[in-house]
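Okay, data-v7.cif is below, mmCIF, C-alpha atoms:
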```
data_protein
loop_
_atom_site.label_atom_id
_atom_site.label_comp_id
_atom_site.auth_asym_id
_atom_site.auth_seq_id
_atom_site.Cartn_x
_atom_site.Cartn_y
_atom_site.Cartn_z
CA MET A 10 105.13 128.93 176.79
CA GLU A 11 102.88 127.20 174.33
CA THR A 12 103.28 130.05 171.83
CA GLU A 13 107.03 129.88 172.10
CA GLU A 14 106.94 126.12 171.50
CA ILE A 15 104.76 126.60 168.44
CA VAL A 16 107.11 129.22 167.05
CA LEU A 17 110.06 126.97 167.73
CA VAL A 18 108.40 124.05 165.97
CA ILE A 19 107.54 126.26 162.98
CA GLN A 20 111.11 127.52 162.82
CA GLU A 21 112.50 124.00 163.00
CA SER A 22 110.02 122.76 160.41
CA GLY A 23 110.74 125.72 158.14
CA THR A 24 114.46 125.21 158.46
CA GLU A 25 114.07 121.50 157.69
CA LEU A 26 111.85 122.27 154.69
CA VAL A 27 114.32 124.80 153.31
CA LEU A 28 117.20 122.35 153.77
CA ASN A 29 115.18 119.61 152.08
CA LEU A 30 114.33 121.95 149.19
CA LEU A 31 117.99 122.89 148.81
CA ALA A 32 118.96 119.21 148.92
CA ALA A 33 116.28 118.41 146.32
CA ILE A 34 117.62 121.17 144.05
CA VAL A 35 121.17 119.89 144.46
CA ILE A 36 120.00 116.32 143.74
CA PHE A 37 118.19 117.50 140.62
CA LEU A 38 121.09 119.58 139.30
CA VAL A 39 123.74 116.96 140.01
CA GLY A 40 121.48 114.15 138.75
CA ARG A 41 120.75 116.06 135.57
CA TRP A 42 124.47 116.57 134.97
CA VAL A 43 125.12 112.87 135.54
CA ALA A 44 122.26 111.99 133.16
CA LEU A 45 123.73 114.22 130.45
CA PHE A 46 127.18 112.74 131.02
CA VAL A 47 125.86 109.17 130.74
CA HIS A 48 123.83 110.17 127.67
CA ARG A 49 126.97 111.48 125.93
CA LEU A 50 128.95 108.36 126.82
CA VAL A 51 126.23 106.05 125.48
CA VAL A 52 125.85 108.07 122.27
CA LYS A 53 129.61 108.02 121.62
CA ALA A 54 129.73 104.27 122.28
CA MET A 55 126.88 103.65 119.80
CA GLU A 56 128.52 105.91 117.21
CA ARG A 57 131.79 103.98 117.56
CA ALA A 58 129.75 100.79 117.03
CA LYS A 59 128.54 102.39 113.76
CA LEU A 60 124.84 102.10 114.55
CA GLU A 61 122.37 103.97 112.39
CA PRO A 62 122.16 107.70 113.34
CA ILE A 63 118.39 107.50 113.86
CA LEU A 64 118.80 104.61 116.33
CA VAL A 65 121.65 106.40 118.15
CA LYS A 66 119.53 109.52 118.58
CA PHE A 67 116.42 107.65 119.67
CA LEU A 68 118.12 105.35 122.19
CA GLY A 69 120.22 108.22 123.54
CA ASN A 70 117.14 110.35 124.16
CA MET A 71 115.30 107.42 125.74
CA ILE A 72 118.17 106.69 128.15
CA TYR A 73 118.40 110.38 129.09
CA ALA A 74 114.63 110.57 129.70
CA LEU A 75 114.65 107.49 131.95
CA LEU A 76 117.60 108.81 133.97
CA LEU A 77 115.93 112.21 134.30
CA ILE A 78 112.72 110.59 135.58
CA PHE A 79 114.74 108.75 138.22
CA VAL A 80 116.45 112.01 139.25
CA VAL A 81 113.11 113.85 139.52
CA LEU A 82 111.65 111.09 141.69
CA ALA A 83 114.70 111.19 143.94
CA ALA A 84 114.40 114.99 144.29
CA ILE A 85 110.68 114.78 145.08
CA SER A 86 111.32 112.08 147.66
CA GLN A 87 113.90 114.32 149.36
CA VAL A 88 111.26 117.02 149.87
CA GLY A 89 109.14 114.48 151.71
CA ILE A 90 106.54 113.66 149.09
CA GLN A 91 105.66 109.98 148.94
CA THR A 92 106.64 108.66 145.51
CA THR A 93 105.19 105.17 145.88
CA SER A 94 101.69 106.21 144.85
CA LEU A 95 103.12 108.43 142.11
CA ILE A 96 105.09 105.52 140.66
CA ALA A 97 101.96 103.33 140.78
CA VAL A 98 99.97 105.99 138.91
CA LEU A 99 102.72 106.36 136.29
CA GLY A 100 102.86 102.58 135.90
CA ALA A 101 99.12 102.31 135.39
CA ALA A 102 99.19 105.18 132.90
CA GLY A 103 102.07 103.56 131.05
CA LEU A 104 100.17 100.26 130.85
CA ALA A 105 97.06 102.00 129.51
CA VAL A 106 99.09 103.88 126.91
CA GLY A 107 100.89 100.67 125.93
CA LEU A 108 97.61 98.82 125.39
CA ALA A 109 96.24 101.71 123.34
CA LEU A 110 99.36 101.85 121.18
CA GLN A 111 99.96 98.16 120.58
CA GLY A 112 100.28 98.61 116.81
CA SER A 113 102.63 101.57 117.16
CA LEU A 114 104.80 99.71 119.67
CA ALA A 115 104.96 96.72 117.32
CA ASN A 116 106.07 99.04 114.51
CA PHE A 117 108.62 100.61 116.82
CA ALA A 118 110.05 97.21 117.78
CA ALA A 119 110.19 96.22 114.11
CA GLY A 120 111.90 99.53 113.29
CA VAL A 121 114.59 98.86 115.88
CA LEU A 122 115.15 95.37 114.43
CA ILE A 123 115.41 96.81 110.91
CA ILE A 124 117.96 99.39 112.01
CA ILE A 125 120.01 96.83 113.95
CA PHE A 126 119.97 93.90 111.48
CA ARG A 127 119.74 96.02 108.30
CA PRO A 128 117.83 93.75 105.90
CA TYR A 129 117.79 96.81 103.64
CA ARG A 130 119.30 100.27 103.57
CA VAL A 131 118.59 103.62 101.96
CA GLY A 132 118.99 103.28 98.18
CA ASP A 133 118.23 99.53 98.00
CA TYR A 134 115.54 98.27 95.65
CA ILE A 135 113.38 95.75 97.49
CA GLU A 136 110.09 93.88 97.54
CA GLY A 137 108.44 93.74 100.93
CA GLY A 138 105.24 94.58 102.75
CA GLY A 139 103.27 94.08 99.54
CA VAL A 140 105.11 96.80 97.59
CA ALA A 141 108.29 97.17 95.56
CA GLY A 142 110.50 100.23 95.33
CA THR A 143 113.69 102.01 96.29
CA ILE A 144 114.23 102.72 99.99
CA ASP A 145 114.12 106.48 100.63
CA GLU A 146 113.97 106.57 104.44
CA VAL A 147 114.10 104.07 107.29
CA GLN A 148 112.31 105.57 110.28
CA ILE A 149 111.50 104.19 113.72
CA PHE A 150 107.86 103.44 112.87
CA THR A 151 107.74 103.34 109.06
CA THR A 152 109.77 102.67 105.92
CA VAL A 153 109.42 105.08 103.00
CA LEU A 154 109.85 103.77 99.43
CA ASN A 155 109.79 105.38 96.00
CA THR A 156 108.27 103.17 93.30
CA PRO A 157 109.66 103.01 89.73
CA ASP A 158 106.77 105.22 88.54
CA ASN A 159 107.73 107.80 91.21
CA ARG A 160 105.06 107.14 93.81
CA ARG A 161 105.93 107.57 97.48
CA VAL A 162 104.78 104.62 99.59
CA ILE A 163 104.93 104.58 103.41
CA VAL A 164 104.80 101.09 104.91
CA PRO A 165 104.59 100.31 108.66
CA ASN A 166 107.73 98.53 109.84
CA GLY A 167 105.64 95.78 111.42
CA GLN A 168 104.20 94.97 108.00
CA MET A 169 107.69 94.94 106.46
CA MET A 170 109.09 92.54 109.05
CA SER A 171 106.05 90.23 109.10
CA GLY A 172 106.67 88.89 105.59
CA THR A 173 109.38 88.04 103.10
CA ILE A 174 111.79 90.79 102.06
CA THR A 175 113.54 90.47 98.70
CA ASN A 176 116.53 92.80 98.41
CA TYR A 177 117.70 93.20 94.81
CA SER A 178 120.55 95.52 95.77
CA SER A 179 122.29 93.58 98.52
CA HIS A 180 124.82 91.99 96.12
CA PRO A 181 126.98 93.91 93.65
CA THR A 182 126.14 91.58 90.73
CA ARG A 183 122.98 89.97 89.34
CA ARG A 184 122.19 87.37 86.70
CA VAL A 185 119.97 88.30 83.77
CA ASP A 186 117.64 85.42 82.87
CA LEU A 187 116.38 85.41 79.27
CA VAL A 188 114.70 82.69 77.17
CA ALA A 189 115.03 82.65 73.36
CA SER A 190 112.65 80.38 71.48
CA VAL A 191 113.50 79.18 67.96
CA SER A 192 111.97 76.84 65.42
CA TYR A 193 112.80 73.13 65.29
CA ASP A 194 114.00 73.73 61.73
CA ASP A 195 116.76 76.17 62.78
CA ASP A 196 120.36 75.00 63.11
CA SER A 197 121.30 74.64 66.79
CA ASP A 198 124.98 75.49 66.29
CA LYS A 199 124.06 78.67 64.46
CA VAL A 200 121.60 79.68 67.17
CA ARG A 201 124.23 79.16 69.86
CA GLU A 202 126.81 81.16 67.88
CA VAL A 203 124.42 84.07 67.33
CA LEU A 204 123.37 84.22 70.98
CA ARG A 205 127.01 84.03 72.10
CA GLY A 206 127.92 86.91 69.77
CA ILE A 207 125.08 89.06 71.07
CA VAL A 208 126.12 88.56 74.69
CA ASP A 209 129.86 89.00 74.09
CA SER A 210 129.30 92.26 72.21
CA ASP A 211 127.79 93.95 75.27
CA GLU A 212 130.55 95.52 77.39
CA ARG A 213 128.34 95.55 80.47
CA VAL A 214 128.28 91.73 80.61
CA LEU A 215 130.86 90.40 83.07
CA LYS A 216 133.45 87.86 81.99
CA GLU A 217 133.27 86.12 85.36
CA PRO A 218 131.03 84.34 86.10
CA ALA A 219 130.88 83.31 82.48
CA PRO A 220 127.53 83.69 80.64
CA ASN A 221 125.51 80.50 80.40
CA ILE A 222 123.91 79.82 77.00
CA ARG A 223 122.26 76.39 76.74
CA MET A 224 119.38 74.60 75.06
CA SER A 225 116.93 74.18 77.90
CA ALA A 226 113.65 72.71 76.67
CA HIS A 227 111.81 71.14 73.75
CA GLY A 228 108.47 72.90 73.70
CA ASP A 229 105.29 72.12 71.79
CA SER A 230 106.27 74.38 68.92
CA SER A 231 109.75 75.66 69.74
CA VAL A 232 113.20 74.88 71.07
CA ASP A 233 113.94 77.07 74.10
CA TRP A 234 117.41 78.45 74.83
CA ILE A 235 118.44 80.08 78.11
CA VAL A 236 120.66 83.17 77.98
CA ARG A 237 122.06 84.00 81.43
CA PRO A 238 124.81 86.63 81.57
CA TRP A 239 126.04 88.26 84.81
CA VAL A 240 126.08 92.04 85.16
CA LYS A 241 126.53 94.72 87.80
CA ALA A 242 123.35 95.27 89.79
CA GLU A 243 122.90 98.79 88.45
CA ASP A 244 123.14 97.53 84.82
CA TYR A 245 120.51 94.79 85.20
CA TRP A 246 117.49 96.38 83.50
CA GLY A 247 119.50 98.09 80.80
CA VAL A 248 121.12 94.81 79.78
CA TYR A 249 117.81 92.92 80.07
CA TRP A 250 115.96 95.24 77.68
CA ASP A 251 118.87 95.72 75.25
CA LEU A 252 119.57 91.99 74.90
CA THR A 253 115.89 91.23 74.38
CA GLU A 254 115.76 93.72 71.50
CA ARG A 255 119.10 92.61 69.99
CA ILE A 256 118.12 88.95 69.99
CA LYS A 257 115.00 89.75 67.97
CA ARG A 258 116.93 91.93 65.49
CA ARG A 259 119.76 89.42 64.99
CA PHE A 260 117.38 86.50 64.58
CA ASP A 261 115.61 88.45 61.82
CA GLU A 262 118.94 89.22 60.15
CA GLU A 263 120.15 85.61 60.37
CA GLY A 264 116.86 84.10 59.21
CA ILE A 265 116.26 82.37 62.55
CA THR A 266 112.57 81.86 63.18
CA ILE A 267 110.87 82.82 66.43
CA PRO A 268 107.76 80.60 66.46
CA TYR A 269 104.43 81.77 67.77
CA PRO A 270 101.14 79.93 68.22
CA GLN A 271 99.09 79.54 65.02
CA ARG A 272 95.64 78.13 64.45
CA ASP A 273 93.79 77.09 61.29
CA VAL A 274 90.17 78.23 61.50
CA HIS A 275 87.53 76.40 59.39
CA LEU A 276 84.16 78.08 58.89
CA TYR A 277 80.99 76.07 58.15
CA HIS A 278 77.49 77.20 57.19
CA HIS A 279 74.30 75.16 56.99
CA GLU A 280 71.87 75.02 54.07
CA LEU A 281 68.42 73.42 53.87
CA ASP A 282 67.69 70.94 51.08
CA GLY A 283 64.31 70.56 49.46
CA GLU A 284 63.03 68.32 52.26
CA GLY A 285 63.99 70.77 54.96
CA LYS A 286 67.10 68.87 56.03
CA LYS A 287 70.36 70.62 56.85
CA GLN A 288 73.29 70.29 54.53
CA GLU A 289 76.79 71.25 55.59
CA ALA A 290 78.95 73.19 53.18
CA GLN A 291 82.47 74.31 53.70
#
```
Write out the structure in this file as structure tokens.
Amino acid sequence: METEEIVLVIQESGTELVLNLLAAIVIFLVGRWVALFVHRLVVKAMERAKLEPILVKFLGNMIYALLLIFVVLAAISQVGIQTTSLIAVLGAAGLAVGLALQGSLANFAAGVLIIIFRPYRVGDYIEGGGVAGTIDEVQIFTTVLNTPDNRRVIVPNGQMMSGTITNYSSHPTRRVDLVASVSYDDDSDKVREVLRGIVDSDERVLKEPAPNIRMSAHGDSSVDWIVRPWVKAEDYWGVYWDLTERIKRRFDEEGITIPYPQRDVHLYHHELDGEGKKQEAQ
């Protein structure tokens, strides 16, 4: 009788275990399908919102991973394994990993903010994080720039977001700021006319806003004129260098003087007279 009871208990337990295993498999398969379905919905919603592809991919994978963890825990619980201690262990491990990766998590958070708020995009020329260059890649943890002398600089996103970012490419136009210094003896009307002609002759200079050419300061040895034309952002450096050279050439042609600091140097030597005293001679 006792043997029969034992066999019956084993059969019942085995049947219950098999049913629980089958239920766990069904929970896992159905839960995985639901997780994939939710993942696709979230990705499509983010794509319709025109979020950056890297952020869409990262957040989509994170959501899918969290849902899959929940499904696995539910399947394990169905088999009869206590998940409370497992969740506690995972929580403690997650806390330890988080403390060990504080810098990386800060860079990750900064990367998400950069992708969401877009202070700069690929192709923009910026100053930030102690460097200046053209944005080549915006990643979750780092920003990759190419400098004008073709160096590749990788800056942590936390460093980028912790300081001031100057984006030179965010607006379609920029103002070129030049200063032309002339002598006090030069005719002001002539200087203004020459500078105006130089600026107007460059087709890259925009008509609106109108260029600003004004006498700005009376220096120690020169009269300073500001020359401020507006150009397209991509033409900035070309116009800056070309106008600087043309101003010098035209001033030479028109006899306009560009003053520069000069000093008169007087040399003295000492001679001894008959009594051994010093005499100064120039």
* Pull out every residue that the PyMOL selection byres ((chain A and resi 269) around 10) matches in the shown coordinates and put them as a ChimeraX atom specification. => /A:190-192,230-231,266-268,270-271
* Mind pulling up the distance from atom CA of A:Ile125 to atom CA of A:Leu60? -> 7.2 Å
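Applied to the file shown here, the PyMOL selection byres ((chain A and resi 117) around 8) selects Ser113, Leu114, Ala115, Asn116, Ala118, Ala119, Gly120, Val121, Ile149, Phe150, Asn166 and Gly167 of chain A.
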* Show which residues sit within 8 Å of stretch 30-46 of chain A, as a VMD selection string. Count all atoms listed in the file, and ignore same-chain residues fewer than 6 positions away. => chain A and resid 73 76 to 77 80 to 81 83 to 85 87 to 88
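Within 10 Å of the point (117.0, 85.3, 82.3), and counting only C-alpha atoms, the protein, DNA and RNA residues are Arg184, Val185, Asp186, Leu187, Val188, Ala189, Asn221, Ile235, Val236, Arg237, Pro238, Trp239, Tyr249 and Thr253 of chain A.
The space between atom CA of A:Gln148 and atom CA of A:Arg57 spans 20.9 Å.
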* Using all atoms listed in the file, find the one residue out of A:Lys199, A:Arg223, A:His180, A:Arg255 that sits nearest to A:Asp211. => A:Arg255
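Going from atom CA of A:Glu136 to atom CA of A:Ser178 covers 10.7 Å.
With all atoms listed in the file as the atoms that count, the minimum distance from A:Met169 to the choices A:Leu252, A:Leu75, A:Val147, A:Asp196 is reached by A:Val147.
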* Best match for closeness to A:Ser210 among A:Ile72, A:Val248, A:Ile124, A:Val232, counting only C-alpha atoms -> A:Val248
* Where does the PyMOL selection byres ((chain A and resi 159) around 12) land in this file, that is, which residues does it pick, as an MDAnalysis selection string? -> chainID A and resid 141:143 145 154:158 160:162
File of the preceding selection, C-alpha atoms, as a PDB file, in the frame of the given file:
```pdb
ATOM      1  CA  ALA A 141     108.290  97.170  95.560  1.00  0.00           C
ATOM      2  CA  GLY A 142     110.500 100.230  95.330  1.00  0.00           C
ATOM      3  CA  THR A 143     113.690 102.010  96.290  1.00  0.00           C
ATOM      4  CA  ASP A 145     114.120 106.480 100.630  1.00  0.00           C
ATOM      5  CA  LEU A 154     109.850 103.770  99.430  1.00  0.00           C
ATOM      6  CA  ASN A 155     109.790 105.380  96.000  1.00  0.00           C
ATOM      7  CA  THR A 156     108.270 103.170  93.300  1.00  0.00           C
ATOM      8  CA  PRO A 157     109.660 103.010  89.730  1.00  0.00           C
ATOM      9  CA  ASP A 158     106.770 105.220  88.540  1.00  0.00           C
ATOM     10  CA  ARG A 160     105.060 107.140  93.810  1.00  0.00           C
ATOM     11  CA  ARG A 161     105.930 107.570  97.480  1.00  0.00           C
ATOM     12  CA  VAL A 162     104.780 104.620  99.590  1.00  0.00           C
TER      13      VAL A 162
END
```
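With only C-alpha atoms as the basis for measurement, A:Ala242 is the residue among A:Ala242, A:Val214, A:Ile222, A:Leu28 that approaches A:Tyr177 most closely.
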